[in-house]
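A.B. asks: Got start36.csv for you, CSV, C-alpha atoms:
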chain,number,residue,atom,x,y,z
W,929,MET,CA,-47.2,211.5,118.1
W,930,LYS,CA,-50.8,211.0,117.4
W,931,PRO,CA,-52.7,208.3,119.4
W,932,ILE,CA,-53.3,205.0,117.6
W,933,ASP,CA,-56.7,204.4,116.1
W,934,THR,CA,-57.5,200.9,117.4
W,935,ASP,CA,-60.4,200.6,114.9
W,936,LYS,CA,-57.8,200.3,112.1
W,937,LEU,CA,-56.0,197.6,114.0
W,938,ARG,CA,-59.1,195.5,114.8
W,939,GLY,CA,-58.8,192.2,113.0
W,940,LEU,CA,-55.1,192.7,112.3
W,941,MET,CA,-53.7,192.4,115.8
W,942,ILE,CA,-54.2,189.7,118.4
W,943,GLU,CA,-54.2,190.6,122.0
W,944,PRO,CA,-50.6,190.7,123.0
W,945,SER,CA,-49.4,188.7,126.0
W,946,GLN,CA,-46.8,191.5,126.6
W,947,ASP,CA,-47.3,194.6,128.7
W,948,GLN,CA,-49.9,196.9,127.0
W,949,HIS,CA,-47.7,199.9,127.7
W,950,GLU,CA,-44.9,198.4,125.5
W,951,CYS,CA,-47.4,197.8,122.7
W,952,ASP,CA,-48.8,201.3,122.9
W,953,ARG,CA,-45.3,202.7,122.9
W,954,PHE,CA,-44.5,200.7,119.8
W,955,TRP,CA,-47.6,201.6,117.9
W,956,ALA,CA,-47.2,205.3,118.8
W,957,LYS,CA,-44.2,205.5,116.6
W,958,VAL,CA,-46.0,203.9,113.6
W,959,ASP,CA,-47.8,206.2,111.2
W,960,VAL,CA,-51.0,204.1,111.0
W,961,ARG,CA,-52.9,204.9,107.8
W,962,GLY,CA,-55.5,203.1,105.7
W,963,ALA,CA,-55.7,199.4,105.7
W,964,ASP,CA,-54.1,199.0,102.3
W,965,GLU,CA,-51.5,201.7,102.8
W,966,CYS,CA,-47.9,201.3,104.2
W,967,TRP,CA,-47.6,202.2,107.8
W,968,PRO,CA,-44.1,203.6,108.1
W,969,TRP,CA,-42.0,203.4,111.2
W,970,MET,CA,-41.3,206.9,112.5
W,971,GLY,CA,-38.5,206.0,114.8
W,972,SER,CA,-34.8,205.2,114.1
W,973,THR,CA,-33.9,203.2,111.0
W,974,ASN,CA,-30.7,201.5,109.8
W,975,GLU,CA,-28.8,202.3,106.6
W,976,ARG,CA,-31.2,200.0,104.6
W,977,GLY,CA,-34.3,201.7,106.0
W,978,TYR,CA,-35.4,199.0,108.4
W,979,GLY,CA,-36.7,200.2,111.8
W,980,SER,CA,-35.6,198.9,115.1
W,981,CYS,CA,-36.8,199.5,118.7
W,982,ARG,CA,-36.5,198.2,122.2
W,983,TYR,CA,-39.4,196.0,123.2
W,984,ASN,CA,-39.5,194.1,126.5
W,985,GLY,CA,-35.8,194.7,127.0
W,986,LYS,CA,-34.7,193.5,123.5
W,987,THR,CA,-33.8,195.3,120.3
W,988,VAL,CA,-36.1,194.1,117.6
W,989,ARG,CA,-36.8,194.9,113.9
W,990,THR,CA,-40.1,196.9,113.8
W,991,HIS,CA,-41.7,195.0,110.9
W,992,ARG,CA,-41.0,191.7,112.7
W,993,LEU,CA,-42.5,193.1,115.9
W,994,ALA,CA,-45.6,194.3,114.0
W,995,LEU,CA,-46.2,190.9,112.5
W,996,THR,CA,-45.6,189.1,115.8
W,997,LEU,CA,-48.2,191.3,117.5
W,998,ALA,CA,-50.6,190.7,114.7
W,999,ALA,CA,-50.1,187.0,113.9
W,1000,GLY,CA,-48.2,185.6,116.8
W,1001,PRO,CA,-44.5,184.7,117.2
W,1002,SER,CA,-42.6,182.6,114.6
W,1003,THR,CA,-39.0,181.5,114.0
W,1004,LEU,CA,-39.5,182.4,110.3
W,1005,LEU,CA,-38.5,185.7,108.6
W,1006,ALA,CA,-40.9,188.6,108.4
W,1007,LEU,CA,-41.3,189.4,104.7
W,1008,HIS,CA,-42.6,192.6,103.1
W,1009,ALA,CA,-45.2,192.4,100.3
W,1010,CYS,CA,-44.7,196.1,99.7
W,1011,ASP,CA,-40.9,196.3,99.4
W,1012,ASN,CA,-41.0,199.2,101.8
W,1013,PRO,CA,-38.5,198.5,104.6
W,1014,PRO,CA,-40.0,200.9,107.3
W,1015,CYS,CA,-43.5,199.5,106.7
W,1016,CYS,CA,-45.2,198.0,109.8
W,1017,ASN,CA,-48.6,197.3,108.3
W,1018,PRO,CA,-49.3,193.7,109.3
W,1019,ALA,CA,-51.4,193.3,106.1
W,1020,HIS,CA,-48.2,193.9,104.1
W,1021,LEU,CA,-46.2,191.3,106.1
W,1022,ARG,CA,-46.1,187.6,106.2
W,1023,TRP,CA,-43.9,184.8,107.7
W,1024,GLY,CA,-41.6,183.1,105.3
W,1025,THR,CA,-38.3,181.2,104.8
W,1026,HIS,CA,-35.0,182.5,103.4
W,1027,GLU,CA,-35.9,180.9,100.1
W,1028,ASP,CA,-39.2,182.7,100.0
W,1029,ASN,CA,-37.4,186.0,100.7
W,1030,TYR,CA,-34.9,185.2,97.9
W,1031,LEU,CA,-37.6,184.3,95.4
W,1032,ASP,CA,-39.5,187.5,96.3
W,1033,ALA,CA,-36.4,189.6,95.6
W,1034,LEU,CA,-35.9,187.8,92.3
W,1035,SER,CA,-39.5,188.3,91.2
W,1036,ARG,CA,-39.3,192.0,91.9
W,1037,ASN,CA,-35.8,192.5,90.3
W,1038,ARG,CA,-34.2,193.4,93.6
W,1039,ARG,CA,-31.6,190.7,93.3
W,1040,LYS,CA,-29.7,189.0,90.5
W,1041,PRO,CA,-30.0,185.3,90.1
W,1042,ALA,CA,-27.0,183.2,91.3
W,1043,VAL,CA,-25.2,181.8,88.2
W,1044,GLY,CA,-22.9,178.9,89.0
W,1045,ASP,CA,-20.0,179.2,91.2
W,1046,ARG,CA,-18.2,182.6,90.9
W,1047,HIS,CA,-15.2,181.8,93.0
W,1048,ARG,CA,-12.0,182.8,91.4
W,1049,SER,CA,-10.5,179.4,91.7
W,1050,ARG,CA,-13.2,178.1,89.3
W,1051,THR,CA,-13.6,181.2,87.0
W,1052,ARG,CA,-9.9,181.9,86.7
W,1053,PRO,CA,-8.0,178.9,87.9
W,1054,ASP,CA,-4.9,180.1,86.0
W,1055,SER,CA,-4.7,183.1,88.4
W,1056,ILE,CA,-4.3,181.0,91.5
W,1057,GLN,CA,-0.7,180.2,92.5
W,1058,ARG,CA,-0.4,176.5,93.3
W,1059,ALA,CA,2.2,174.1,94.6
W,1060,SER,CA,5.7,175.6,95.1
W,1061,ALA,CA,4.8,178.7,93.2
W,1062,HIS,CA,2.6,179.7,96.2
W,1063,GLY,CA,4.4,182.2,98.4
W,1064,ARG,CA,3.8,180.3,101.6
W,1065,ALA,CA,4.6,176.8,100.4
W,1066,VAL,CA,7.2,175.0,102.5
W,1067,LEU,CA,7.2,171.6,100.7
W,1068,THR,CA,8.3,171.1,97.1
W,1069,GLU,CA,6.6,169.0,94.4
W,1070,GLU,CA,9.5,166.4,94.8
W,1071,ALA,CA,8.9,166.2,98.5
W,1072,VAL,CA,5.2,165.7,98.1
W,1073,ARG,CA,5.8,162.9,95.5
W,1074,GLU,CA,8.2,161.2,97.9
W,1075,ILE,CA,5.7,161.4,100.8
W,1076,ARG,CA,3.0,160.0,98.6
W,1077,ALA,CA,5.2,157.2,97.3
W,1078,HIS,CA,6.1,156.0,100.8
W,1079,HIS,CA,2.6,156.3,102.3
W,1080,PRO,CA,3.8,157.1,105.9
W,1081,TYR,CA,0.9,156.2,108.2
W,1082,LYS,CA,2.8,155.0,111.3
W,1083,ARG,CA,3.5,157.7,113.8
W,1084,GLY,CA,7.3,157.2,113.6
W,1085,ASP,CA,7.3,157.3,109.8
W,1086,VAL,CA,5.2,160.5,109.7
W,1087,LEU,CA,7.5,162.1,112.4
W,1088,ALA,CA,10.6,161.2,110.3
W,1089,PHE,CA,9.2,162.9,107.2
W,1090,ALA,CA,8.1,165.9,109.3
W,1091,ARG,CA,11.7,166.3,110.6
W,1092,LYS,CA,13.2,165.7,107.2
W,1093,PHE,CA,11.2,168.5,105.6
W,1094,GLY,CA,10.9,170.8,108.6
W,1095,VAL,CA,7.1,170.7,108.8
W,1096,SER,CA,4.5,169.4,111.2
W,1097,ARG,CA,3.1,165.9,111.2
W,1098,ARG,CA,-0.3,167.4,110.2
W,1099,THR,CA,1.3,168.9,107.0
W,1100,ILE,CA,2.8,165.5,106.1
W,1101,GLY,CA,-0.6,163.9,106.6
W,1102,GLN,CA,-2.5,166.5,104.5
W,1103,ALA,CA,0.0,166.2,101.7
W,1104,ARG,CA,-0.1,162.4,101.8
W,1105,ASP,CA,-3.9,162.3,101.8
W,1106,GLY,CA,-4.3,164.9,99.1
W,1107,GLU,CA,-6.0,167.6,101.3
W,1108,THR,CA,-3.2,169.9,100.1
W,1109,TRP,CA,-1.1,169.9,97.0
W,1110,THR,CA,-4.1,168.8,94.9
W,1111,SER,CA,-2.5,169.9,91.7
W,1112,ILE,CA,0.1,167.0,92.0
Will you turn the file into structure tokens for me?

C.D. replies:
Amino acid sequence: MKPIDTDKLRGLMIEPSQDQHECDRFWAKVDVRGADECWPWMGSTNERGYGSCRYNGKTVRTHRLALTLAAGPSTLLALHACDNPPCCNPAHLRWGTHEDNYLDALSRNRRKPAVGDRHRSRTRPDSIQRASAHGRAVLTEEAVREIRAHHPYKRGDVLAFARKFGVSRRTIGQARDGETWTSI
């Protein structure tokens, strides 16, 4: 590995409070190029191309560490302006929220916009087995109607219905309150 050219880093990196040896070890695995170029991480990367390394006893993402060393720590996400996952150039990185990250991905056509609720229960409600047609249903529609007609709220009444239908008191309460069997 070539030694780091500190002139290229001047103005981009604050003096780290961590051990200088750790910083030198990190930057030795970054291919530091021109100020406007990407500085790729030369160490190990994950399946999506993001680098990771051990720093002060913790495993960290390399682009996050580069931004932390340059701009100071933050609880926000480290976002790439260059869309190059191994890039560690602090000039290409900024702190941002999950929403910022999502909007960046949308603007660069790296993600499709969310369109409504795509859950099967809303897109194809006819395909969901409900009530007694559901394979794990213990109660029947008639039993649920009976429970709801009598409104058992006292412990003894709920227990009597639970014994009658062979289910728990919780199941009776959920059916009575409409938490389950919503189709009836």

A.B. asks: Enter the distance from atom CA of W:Ser1055 to atom CA of W:Gly1094, in Å, rounded to one decimal.

C.D. replies: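 Between atom CA of W:Ser1055 and atom CA of W:Gly1094 the gap is 28.3 Å.
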
A.B. asks: Please, what distance in Å, to one decimal, runs between atom CA of W:Ala994 and atom CA of W:Glu1027?

C.D. replies: 21.6 Å

A.B. asks: Using only C-alpha atoms, what table do you get, as a tab-separated table, when you list each residue of stretch 972-998 of chain W with an atom no more than 7 Å from stretch 1014-1024 of chain W, its nearest pair of atoms, and their distance in Å rounded to one decimal, rows by chain then rising number?

C.D. replies:
residue	atom	partner	partner_atom	distance
W:Gly977	CA	W:Pro1014	CA	5.9
W:Tyr978	CA	W:Pro1014	CA	5.1
W:Gly979	CA	W:Pro1014	CA	5.6
W:Thr990	CA	W:Cys1016	CA	6.6
W:His991	CA	W:Cys1016	CA	4.7
W:Ala994	CA	W:Cys1016	CA	5.6
W:Leu995	CA	W:Pro1018	CA	5.3
W:Ala998	CA	W:Pro1018	CA	6.3

A.B. asks: For the residues in that selection, give me C-alpha atoms as a CSV table (one decimal), in the coordinates of the input.

C.D. replies:
chain,number,residue,atom,x,y,z
W,977,GLY,CA,-34.3,201.7,106.0
W,978,TYR,CA,-35.4,199.0,108.4
W,979,GLY,CA,-36.7,200.2,111.8
W,990,THR,CA,-40.1,196.9,113.8
W,991,HIS,CA,-41.7,195.0,110.9
W,994,ALA,CA,-45.6,194.3,114.0
W,995,LEU,CA,-46.2,190.9,112.5
W,998,ALA,CA,-50.6,190.7,114.7

A.B. asks: So what do you get for atom CA of W:Gly1101 versus atom CA of W:His1079, distance-wise?

C.D. replies: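 Atom-to-atom, atom CA of W:Gly1101 to atom CA of W:His1079, that is 9.3 Å.
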
A.B. asks: Please tell me which residues are no farther than 8 Å from (-37.4, 195.1, 116.9) in the file, counting only C-alpha atoms, and write them as a PDB file with C-alpha atoms, in the coordinates of the input.

C.D. replies:
ATOM      1  CA  GLY W 979     -36.700 200.200 111.800  1.00  0.00           C
ATOM      2  CA  SER W 980     -35.600 198.900 115.100  1.00  0.00           C
ATOM      3  CA  CYS W 981     -36.800 199.500 118.700  1.00  0.00           C
ATOM      4  CA  ARG W 982     -36.500 198.200 122.200  1.00  0.00           C
ATOM      5  CA  TYR W 983     -39.400 196.000 123.200  1.00  0.00           C
ATOM      6  CA  LYS W 986     -34.700 193.500 123.500  1.00  0.00           C
ATOM      7  CA  THR W 987     -33.800 195.300 120.300  1.00  0.00           C
ATOM      8  CA  VAL W 988     -36.100 194.100 117.600  1.00  0.00           C
ATOM      9  CA  ARG W 989     -36.800 194.900 113.900  1.00  0.00           C
ATOM     10  CA  THR W 990     -40.100 196.900 113.800  1.00  0.00           C
ATOM     11  CA  HIS W 991     -41.700 195.000 110.900  1.00  0.00           C
ATOM     12  CA  ARG W 992     -41.000 191.700 112.700  1.00  0.00           C
ATOM     13  CA  LEU W 993     -42.500 193.100 115.900  1.00  0.00           C
TER      14      LEU W 993
END

A.B. asks: From the list W:Thr1108, W:Asn1012, W:Ser1035, W:Ser972, which residue is nearest W:Ala1059 when using all atoms listed in the file?

C.D. replies: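 Closest to W:Ala1059 of all the choices is W:Thr1108.
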
A.B. asks: With distances taken over only C-alpha atoms, which residue among W:Tyr1030, W:Tyr1081, W:Trp969, W:Trp1109 lies nearest W:Arg1097?

C.D. replies: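 The shortest atom-to-atom distance to W:Arg1097 comes from W:Tyr1081.
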
A.B. asks: Between W:Gly1063, W:Thr1025, W:Phe1089, W:Thr1099, which has the minimum distance to W:Leu1004 (counting only C-alpha atoms)?

C.D. replies: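 Nearest to W:Leu1004: W:Thr1025.
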
A.B. asks: When you count all atoms listed in the file, which of these residues is closest to W:Ser1060: W:Asp1105, W:Thr1110, W:Arg1048, W:Glu950?

C.D. replies: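 Result for the nearest residue to W:Ser1060: W:Thr1110.
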
A.B. asks: Hey, can I get the axis-aligned box for stretch 969-988 of chain W? All listed atoms, 3 Å padding on each side, centre and edge lengths in Å to one decimal, as lines of an AutoDock Vina configuration file.

C.D. replies:
center_x = -35.4
center_y = 200.2
center_z = 115.8
size_x = 19.2
size_y = 19.4
size_z = 28.4

A.B. asks: Calculated over only C-alpha atoms, which of the candidates W:Gly1106, W:Ile1112, W:Ala1088, W:Ala1077 has the smallest distance to W:Arg1058?

C.D. replies: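 Closest to W:Arg1058 of all the choices is W:Ile1112.
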
A.B. asks: Just stretch 1052-1074 of chain W, please, as a compact mmCIF listing (two decimals), in the first residue's frame (only N, CA and C atoms).

C.D. replies:
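The resulting file, selection_25.txt, is reproduced below:
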# COMPACT_ATOMS: atom_id res chain seq x y z
N ARG W 1052 -55.39 -8.05 -3.61
CA ARG W 1052 -56.19 -9.21 -4.01
C ARG W 1052 -56.93 -9.76 -2.80
N PRO W 1053 -57.88 -9.02 -2.25
CA PRO W 1053 -58.57 -9.48 -1.04
C PRO W 1053 -59.33 -10.78 -1.24
N ASP W 1054 -59.73 -11.07 -2.46
CA ASP W 1054 -60.46 -12.31 -2.73
C ASP W 1054 -59.58 -13.54 -2.55
N SER W 1055 -58.26 -13.37 -2.58
CA SER W 1055 -57.35 -14.52 -2.45
C SER W 1055 -57.07 -14.89 -0.99
N ILE W 1056 -57.51 -14.07 -0.06
CA ILE W 1056 -57.27 -14.33 1.36
C ILE W 1056 -58.43 -15.17 1.91
N GLN W 1057 -58.09 -16.28 2.56
CA GLN W 1057 -59.12 -17.10 3.18
C GLN W 1057 -59.52 -16.47 4.51
N ARG W 1058 -60.78 -16.22 4.65
CA ARG W 1058 -61.28 -15.56 5.85
C ARG W 1058 -62.30 -16.43 6.55
N ALA W 1059 -62.56 -16.06 7.81
CA ALA W 1059 -63.58 -16.71 8.63
C ALA W 1059 -63.33 -18.21 8.71
N SER W 1060 -64.37 -19.01 8.64
CA SER W 1060 -64.20 -20.46 8.83
C SER W 1060 -63.53 -21.13 7.64
N ALA W 1061 -63.38 -20.43 6.51
CA ALA W 1061 -62.67 -20.98 5.36
C ALA W 1061 -61.16 -21.03 5.62
N HIS W 1062 -60.71 -20.24 6.58
CA HIS W 1062 -59.29 -20.26 6.93
C HIS W 1062 -58.96 -21.58 7.60
N GLY W 1063 -57.87 -22.18 7.21
CA GLY W 1063 -57.52 -23.51 7.68
C GLY W 1063 -57.28 -23.64 9.16
N ARG W 1064 -56.95 -22.55 9.86
CA ARG W 1064 -56.67 -22.64 11.30
C ARG W 1064 -57.79 -22.08 12.15
N ALA W 1065 -58.93 -21.80 11.55
CA ALA W 1065 -60.06 -21.24 12.30
C ALA W 1065 -60.64 -22.31 13.23
N VAL W 1066 -60.90 -21.92 14.46
CA VAL W 1066 -61.50 -22.83 15.43
C VAL W 1066 -62.98 -22.48 15.61
N LEU W 1067 -63.25 -21.19 15.66
CA LEU W 1067 -64.64 -20.74 15.80
C LEU W 1067 -65.34 -20.79 14.44
N THR W 1068 -66.65 -20.73 14.47
CA THR W 1068 -67.45 -20.64 13.25
C THR W 1068 -68.12 -19.27 13.22
N GLU W 1069 -68.71 -18.91 12.07
CA GLU W 1069 -69.41 -17.64 11.97
C GLU W 1069 -70.56 -17.56 12.98
N GLU W 1070 -71.26 -18.69 13.17
CA GLU W 1070 -72.38 -18.72 14.11
C GLU W 1070 -71.90 -18.48 15.53
N ALA W 1071 -70.76 -19.08 15.89
CA ALA W 1071 -70.22 -18.91 17.23
C ALA W 1071 -69.83 -17.45 17.47
N VAL W 1072 -69.21 -16.82 16.47
CA VAL W 1072 -68.80 -15.41 16.61
C VAL W 1072 -70.04 -14.52 16.75
N ARG W 1073 -71.06 -14.81 15.97
CA ARG W 1073 -72.31 -14.01 16.08
C ARG W 1073 -72.92 -14.16 17.47
N GLU W 1074 -72.89 -15.36 18.00
CA GLU W 1074 -73.43 -15.61 19.35
C GLU W 1074 -72.61 -14.84 20.40
